[in-house]
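Student: Sharing final-v7.txt here; it has compact mmCIF, N, CA and C atoms.
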# COMPACT_ATOMS: atom_id res chain seq x y z
N MET A 297 47.23 -31.77 -1.56
CA MET A 297 46.46 -30.55 -1.70
C MET A 297 46.13 -30.03 -0.30
N ARG A 298 46.40 -28.78 -0.08
CA ARG A 298 46.14 -28.16 1.22
C ARG A 298 44.67 -27.80 1.38
N TRP A 299 44.21 -27.80 2.63
CA TRP A 299 42.85 -27.38 2.94
C TRP A 299 42.78 -25.86 2.93
N THR A 300 41.81 -25.32 2.23
CA THR A 300 41.62 -23.87 2.20
C THR A 300 40.57 -23.48 3.24
N GLU A 301 40.49 -22.19 3.50
CA GLU A 301 39.47 -21.71 4.43
C GLU A 301 38.07 -22.00 3.88
N ALA A 302 37.91 -21.89 2.56
CA ALA A 302 36.61 -22.20 1.94
C ALA A 302 36.27 -23.68 2.12
N ASN A 303 37.29 -24.57 1.98
CA ASN A 303 37.07 -26.00 2.21
C ASN A 303 36.62 -26.25 3.65
N ASP A 304 37.30 -25.60 4.58
CA ASP A 304 36.95 -25.77 6.00
C ASP A 304 35.54 -25.27 6.29
N ASP A 305 35.17 -24.13 5.71
CA ASP A 305 33.82 -23.59 5.91
C ASP A 305 32.77 -24.56 5.38
N TYR A 306 33.02 -25.10 4.18
CA TYR A 306 32.09 -26.06 3.58
C TYR A 306 32.00 -27.31 4.46
N LEU A 307 33.15 -27.79 4.91
CA LEU A 307 33.20 -28.99 5.74
C LEU A 307 32.42 -28.78 7.04
N ARG A 308 32.62 -27.65 7.70
CA ARG A 308 31.90 -27.38 8.95
C ARG A 308 30.39 -27.35 8.72
N ALA A 309 29.97 -26.70 7.65
CA ALA A 309 28.53 -26.61 7.35
C ALA A 309 27.95 -28.00 7.11
N CYS A 310 28.66 -28.82 6.35
CA CYS A 310 28.17 -30.17 6.07
C CYS A 310 28.12 -31.03 7.33
N VAL A 311 29.16 -30.96 8.15
CA VAL A 311 29.20 -31.74 9.38
C VAL A 311 28.04 -31.32 10.30
N ASP A 312 27.80 -30.02 10.39
CA ASP A 312 26.71 -29.53 11.23
C ASP A 312 25.34 -30.01 10.74
N GLU A 313 25.22 -30.22 9.42
CA GLU A 313 23.97 -30.70 8.84
C GLU A 313 23.88 -32.23 8.83
N GLY A 314 24.97 -32.91 9.19
CA GLY A 314 24.97 -34.36 9.24
C GLY A 314 25.19 -35.04 7.89
N VAL A 315 25.80 -34.33 6.95
CA VAL A 315 26.08 -34.92 5.63
C VAL A 315 27.13 -36.02 5.81
N PRO A 316 26.95 -37.19 5.20
CA PRO A 316 27.91 -38.28 5.33
C PRO A 316 29.29 -37.91 4.77
N TYR A 317 30.34 -38.39 5.42
CA TYR A 317 31.70 -38.06 4.99
C TYR A 317 31.99 -38.43 3.53
N PRO A 318 31.52 -39.60 3.05
CA PRO A 318 31.80 -39.91 1.64
C PRO A 318 31.22 -38.87 0.67
N GLN A 319 30.06 -38.33 1.01
CA GLN A 319 29.44 -37.32 0.15
C GLN A 319 30.25 -36.02 0.19
N ILE A 320 30.70 -35.63 1.39
CA ILE A 320 31.54 -34.44 1.53
C ILE A 320 32.84 -34.64 0.75
N ALA A 321 33.42 -35.82 0.92
CA ALA A 321 34.69 -36.12 0.26
C ALA A 321 34.57 -36.03 -1.26
N ALA A 322 33.49 -36.57 -1.80
CA ALA A 322 33.30 -36.54 -3.26
C ALA A 322 33.21 -35.10 -3.75
N HIS A 323 32.50 -34.25 -3.01
CA HIS A 323 32.35 -32.85 -3.42
C HIS A 323 33.70 -32.11 -3.37
N LEU A 324 34.51 -32.43 -2.36
CA LEU A 324 35.79 -31.74 -2.19
C LEU A 324 36.93 -32.39 -2.96
N GLY A 325 36.68 -33.55 -3.57
CA GLY A 325 37.74 -34.25 -4.29
C GLY A 325 38.78 -34.85 -3.36
N ARG A 326 38.32 -35.33 -2.21
CA ARG A 326 39.20 -35.92 -1.20
C ARG A 326 38.65 -37.28 -0.80
N THR A 327 39.39 -37.99 0.02
CA THR A 327 38.92 -39.29 0.50
C THR A 327 38.10 -39.10 1.78
N PRO A 328 37.19 -40.04 2.06
CA PRO A 328 36.45 -39.96 3.33
C PRO A 328 37.39 -39.94 4.54
N SER A 329 38.50 -40.64 4.45
CA SER A 329 39.47 -40.66 5.54
C SER A 329 40.08 -39.27 5.76
N ALA A 330 40.39 -38.57 4.67
CA ALA A 330 40.93 -37.21 4.79
C ALA A 330 39.91 -36.28 5.43
N VAL A 331 38.65 -36.47 5.09
CA VAL A 331 37.59 -35.64 5.68
C VAL A 331 37.48 -35.92 7.18
N ARG A 332 37.51 -37.20 7.56
CA ARG A 332 37.44 -37.56 8.98
C ARG A 332 38.60 -36.93 9.76
N CYS A 333 39.79 -37.02 9.20
CA CYS A 333 40.96 -36.45 9.87
C CYS A 333 40.83 -34.93 10.02
N ARG A 334 40.33 -34.27 8.98
CA ARG A 334 40.17 -32.82 9.05
C ARG A 334 39.11 -32.43 10.08
N VAL A 335 38.04 -33.20 10.16
CA VAL A 335 37.01 -32.94 11.17
C VAL A 335 37.63 -33.05 12.56
N TYR A 336 38.47 -34.04 12.75
CA TYR A 336 39.12 -34.20 14.04
C TYR A 336 39.96 -32.97 14.38
N ARG A 337 40.69 -32.47 13.39
CA ARG A 337 41.53 -31.30 13.64
C ARG A 337 40.69 -30.04 13.89
N LEU A 338 39.63 -29.87 13.11
CA LEU A 338 38.81 -28.66 13.25
C LEU A 338 38.02 -28.64 14.54
N TYR A 339 37.49 -29.78 14.92
CA TYR A 339 36.62 -29.85 16.10
C TYR A 339 37.34 -30.40 17.33
N ASN A 340 38.59 -30.84 17.14
CA ASN A 340 39.37 -31.43 18.22
C ASN A 340 38.57 -32.54 18.92
N ARG A 341 37.97 -33.38 18.11
CA ARG A 341 37.18 -34.50 18.64
C ARG A 341 37.32 -35.70 17.72
N ALA A 342 36.96 -36.82 18.25
CA ALA A 342 37.00 -38.04 17.45
C ALA A 342 35.90 -37.99 16.40
N PRO A 343 36.12 -38.60 15.25
CA PRO A 343 35.07 -38.63 14.23
C PRO A 343 33.80 -39.27 14.76
N ARG A 344 32.68 -38.80 14.25
CA ARG A 344 31.39 -39.33 14.73
C ARG A 344 31.19 -40.78 14.29
N LYS A 345 30.48 -41.50 15.11
CA LYS A 345 30.14 -42.88 14.76
C LYS A 345 28.78 -42.87 14.10
N ARG A 346 28.62 -43.76 13.18
CA ARG A 346 27.34 -43.86 12.47
C ARG A 346 26.29 -44.46 13.40
N GLN A 347 25.13 -43.85 13.42
CA GLN A 347 24.00 -44.39 14.16
C GLN A 347 23.09 -45.09 13.15
N TRP A 348 22.94 -46.38 13.29
CA TRP A 348 22.14 -47.15 12.34
C TRP A 348 20.66 -47.07 12.71
N SER A 349 19.84 -46.79 11.72
CA SER A 349 18.39 -46.84 11.92
C SER A 349 17.94 -48.29 11.80
N ALA A 350 16.75 -48.57 12.29
CA ALA A 350 16.21 -49.93 12.17
C ALA A 350 16.09 -50.33 10.71
N MET A 351 15.70 -49.38 9.86
CA MET A 351 15.57 -49.67 8.43
C MET A 351 16.94 -49.94 7.82
N GLY A 352 17.95 -49.17 8.21
CA GLY A 352 19.30 -49.37 7.70
C GLY A 352 19.84 -50.74 8.08
N ILE A 353 19.58 -51.14 9.32
CA ILE A 353 20.03 -52.45 9.80
C ILE A 353 19.35 -53.55 9.00
N SER A 354 18.04 -53.44 8.80
CA SER A 354 17.33 -54.48 8.05
C SER A 354 17.78 -54.51 6.60
N ASP A 355 18.10 -53.35 6.01
CA ASP A 355 18.61 -53.32 4.64
C ASP A 355 19.95 -54.03 4.55
N VAL A 356 20.84 -53.76 5.49
CA VAL A 356 22.15 -54.41 5.49
C VAL A 356 22.00 -55.92 5.62
N LEU A 357 21.17 -56.36 6.56
CA LEU A 357 20.99 -57.80 6.77
C LEU A 357 20.36 -58.46 5.55
N ARG A 358 19.41 -57.78 4.93
CA ARG A 358 18.77 -58.34 3.73
C ARG A 358 19.77 -58.45 2.58
N LEU A 359 20.60 -57.42 2.39
CA LEU A 359 21.61 -57.46 1.32
C LEU A 359 22.63 -58.57 1.58
N ARG A 360 22.97 -58.77 2.84
CA ARG A 360 23.91 -59.83 3.18
C ARG A 360 23.30 -61.20 2.88
N GLU A 361 22.02 -61.36 3.22
CA GLU A 361 21.33 -62.62 2.94
C GLU A 361 21.20 -62.87 1.43
N LEU A 362 21.17 -61.78 0.65
CA LEU A 362 21.10 -61.93 -0.81
C LEU A 362 22.46 -62.28 -1.42
N GLY A 363 23.51 -62.29 -0.58
CA GLY A 363 24.81 -62.74 -1.06
C GLY A 363 25.83 -61.65 -1.31
N LEU A 364 25.50 -60.38 -1.05
CA LEU A 364 26.50 -59.33 -1.22
C LEU A 364 27.55 -59.45 -0.13
N THR A 365 28.78 -59.09 -0.47
CA THR A 365 29.86 -59.13 0.51
C THR A 365 29.76 -57.90 1.42
N CYS A 366 30.44 -57.98 2.54
CA CYS A 366 30.46 -56.83 3.46
C CYS A 366 31.09 -55.62 2.78
N ARG A 367 32.09 -55.84 1.95
CA ARG A 367 32.72 -54.73 1.23
C ARG A 367 31.74 -54.07 0.26
N GLU A 368 30.99 -54.88 -0.48
CA GLU A 368 30.00 -54.33 -1.42
C GLU A 368 28.93 -53.52 -0.69
N ILE A 369 28.47 -54.06 0.43
CA ILE A 369 27.45 -53.36 1.21
C ILE A 369 28.03 -52.08 1.80
N GLY A 370 29.25 -52.16 2.29
CA GLY A 370 29.92 -50.98 2.84
C GLY A 370 30.06 -49.88 1.81
N ASP A 371 30.38 -50.25 0.58
CA ASP A 371 30.48 -49.26 -0.50
C ASP A 371 29.14 -48.58 -0.75
N LEU A 372 28.06 -49.35 -0.68
CA LEU A 372 26.73 -48.78 -0.89
C LEU A 372 26.34 -47.78 0.21
N PHE A 373 26.76 -48.07 1.44
CA PHE A 373 26.39 -47.24 2.59
C PHE A 373 27.46 -46.20 2.94
N GLY A 374 28.61 -46.28 2.27
CA GLY A 374 29.67 -45.33 2.56
C GLY A 374 30.39 -45.58 3.88
N VAL A 375 30.47 -46.86 4.26
CA VAL A 375 31.18 -47.24 5.48
C VAL A 375 32.16 -48.37 5.15
N SER A 376 32.98 -48.73 6.12
CA SER A 376 33.99 -49.76 5.88
C SER A 376 33.39 -51.16 5.88
N ARG A 377 34.16 -52.08 5.34
CA ARG A 377 33.78 -53.48 5.36
C ARG A 377 33.66 -53.96 6.80
N ALA A 378 34.58 -53.49 7.65
CA ALA A 378 34.58 -53.91 9.06
C ALA A 378 33.32 -53.44 9.78
N ALA A 379 32.85 -52.24 9.45
CA ALA A 379 31.63 -51.72 10.10
C ALA A 379 30.43 -52.60 9.75
N ILE A 380 30.36 -53.03 8.50
CA ILE A 380 29.26 -53.90 8.08
C ILE A 380 29.39 -55.27 8.73
N ALA A 381 30.60 -55.82 8.75
CA ALA A 381 30.81 -57.14 9.36
C ALA A 381 30.42 -57.11 10.84
N LYS A 382 30.79 -56.04 11.53
CA LYS A 382 30.46 -55.91 12.95
C LYS A 382 28.94 -55.83 13.15
N LEU A 383 28.28 -55.05 12.30
CA LEU A 383 26.83 -54.90 12.39
C LEU A 383 26.14 -56.25 12.15
N VAL A 384 26.57 -56.95 11.12
CA VAL A 384 25.97 -58.25 10.78
C VAL A 384 26.20 -59.24 11.92
N GLN A 385 27.42 -59.27 12.45
CA GLN A 385 27.72 -60.20 13.53
C GLN A 385 26.88 -59.89 14.77
N ARG A 386 26.79 -58.63 15.13
CA ARG A 386 26.03 -58.25 16.33
C ARG A 386 24.56 -58.62 16.19
N HIS A 387 23.99 -58.38 15.02
CA HIS A 387 22.57 -58.65 14.84
C HIS A 387 22.29 -60.13 14.58
N ALA A 388 23.26 -60.86 14.07
CA ALA A 388 23.10 -62.31 13.94
C ALA A 388 23.05 -62.92 15.33
N LEU A 389 23.86 -62.40 16.27
CA LEU A 389 23.81 -62.90 17.65
C LEU A 389 22.48 -62.58 18.30
N ASP A 390 21.95 -61.38 18.02
CA ASP A 390 20.64 -61.01 18.56
C ASP A 390 19.56 -61.97 18.06
N ARG A 391 19.62 -62.36 16.81
CA ARG A 391 18.63 -63.28 16.24
C ARG A 391 18.69 -64.65 16.91
N HIS A 392 19.94 -65.12 17.17
CA HIS A 392 20.09 -66.41 17.83
C HIS A 392 19.59 -66.35 19.25
N ALA A 393 19.80 -65.24 19.94
CA ALA A 393 19.33 -65.10 21.31
C ALA A 393 17.79 -65.11 21.35
N ASP A 394 17.16 -64.48 20.34
CA ASP A 394 15.70 -64.49 20.27
C ASP A 394 15.17 -65.91 20.11
N ARG A 395 15.83 -66.72 19.30
CA ARG A 395 15.39 -68.10 19.06
C ARG A 395 15.59 -68.96 20.31
N ASP A 396 16.71 -68.73 21.01
CA ASP A 396 17.03 -69.53 22.20
C ASP A 396 16.17 -69.14 23.39
N GLY A 397 15.76 -67.84 23.41
CA GLY A 397 15.05 -67.27 24.54
C GLY A 397 13.84 -67.98 24.89
Translate the structure described by the file into structure tokens.

Tutor:
Amino acid sequence: MRWTEANDDYLRACVDEGVPYPQIAAHLGRTPSAVRCRVYRLYNRAPRKRQWSAMGISDVLRLRELGLTCREIGDLFGVSRAAIAKLVQRHALDRHADRDG
């Protein structure tokens, strides 16, 4: 399916407002990956990286401690399994450094 001018206008408005790619993708009937690629073409820039809030980080870590997989948590937050695994690993190291400190 080709991108229309109306799709591009909607995409630009959502990106400017900070709407998450999975939400944009669902509205447009596309994948989050397709949205990221289109953003790159429209803005000639790399897709934005997610900035985790302290609450988001604690939610991810709590869900992981409750036994959810990184993929399950990623689906809840609209990010990849790898993004969750990286976040968990980075903050697990921070916790160990606090204990050793």

Student: Can you list every residue in chain A that DSSP puts in helix (DSSP H, G or I), as a ChimeraX atom specification?

Tutor: /A:301-313,317-324,328-339,350-361,366-373,377-396

Student: Atom CA of Ala381 of chain A to atom CA of Arg367 of chain A: how many Å, to one decimal?

Tutor: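 Separation of atom CA of Ala381 of chain A and atom CA of Arg367 of chain A: 8.7 Å.
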
Student: For Arg308 of chain A, which residue out of A:Thr365, A:Arg377, A:Ile353, A:Val335 is the nearest one, using only N, CA and C atoms?

Tutor: A:Val335

Student: Between A:Ile380, A:Cys333, A:Tyr339, A:Arg386, which residue has the minimum interatomic distance to Val356 of chain A, considering all atoms listed in the file?

Tutor: A:Ile380

Student: One decimal, in Å: what's the spacing between atom CA of Cys310 of chain A and atom CA of Leu357 of chain A?

Tutor: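 Rounded to one decimal, the two atoms are 28.6 Å apart.
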
Student: Which residues are near Val331 of chain A? Cut-off 8 Å, only C-alpha atoms, ignore same chain within fewer than 6 positions. Put them as a ChimeraX atom specification.

Tutor: /A:307,317,320-321

Student: With distances taken over only C-alpha atoms, which residue among A:Gln385, A:Asn340, A:Ser354, A:Asn303 lies nearest Gly325 of chain A?

Tutor: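 Checking each candidate against Gly325 of chain A, we get A:Asn303 as the closest.
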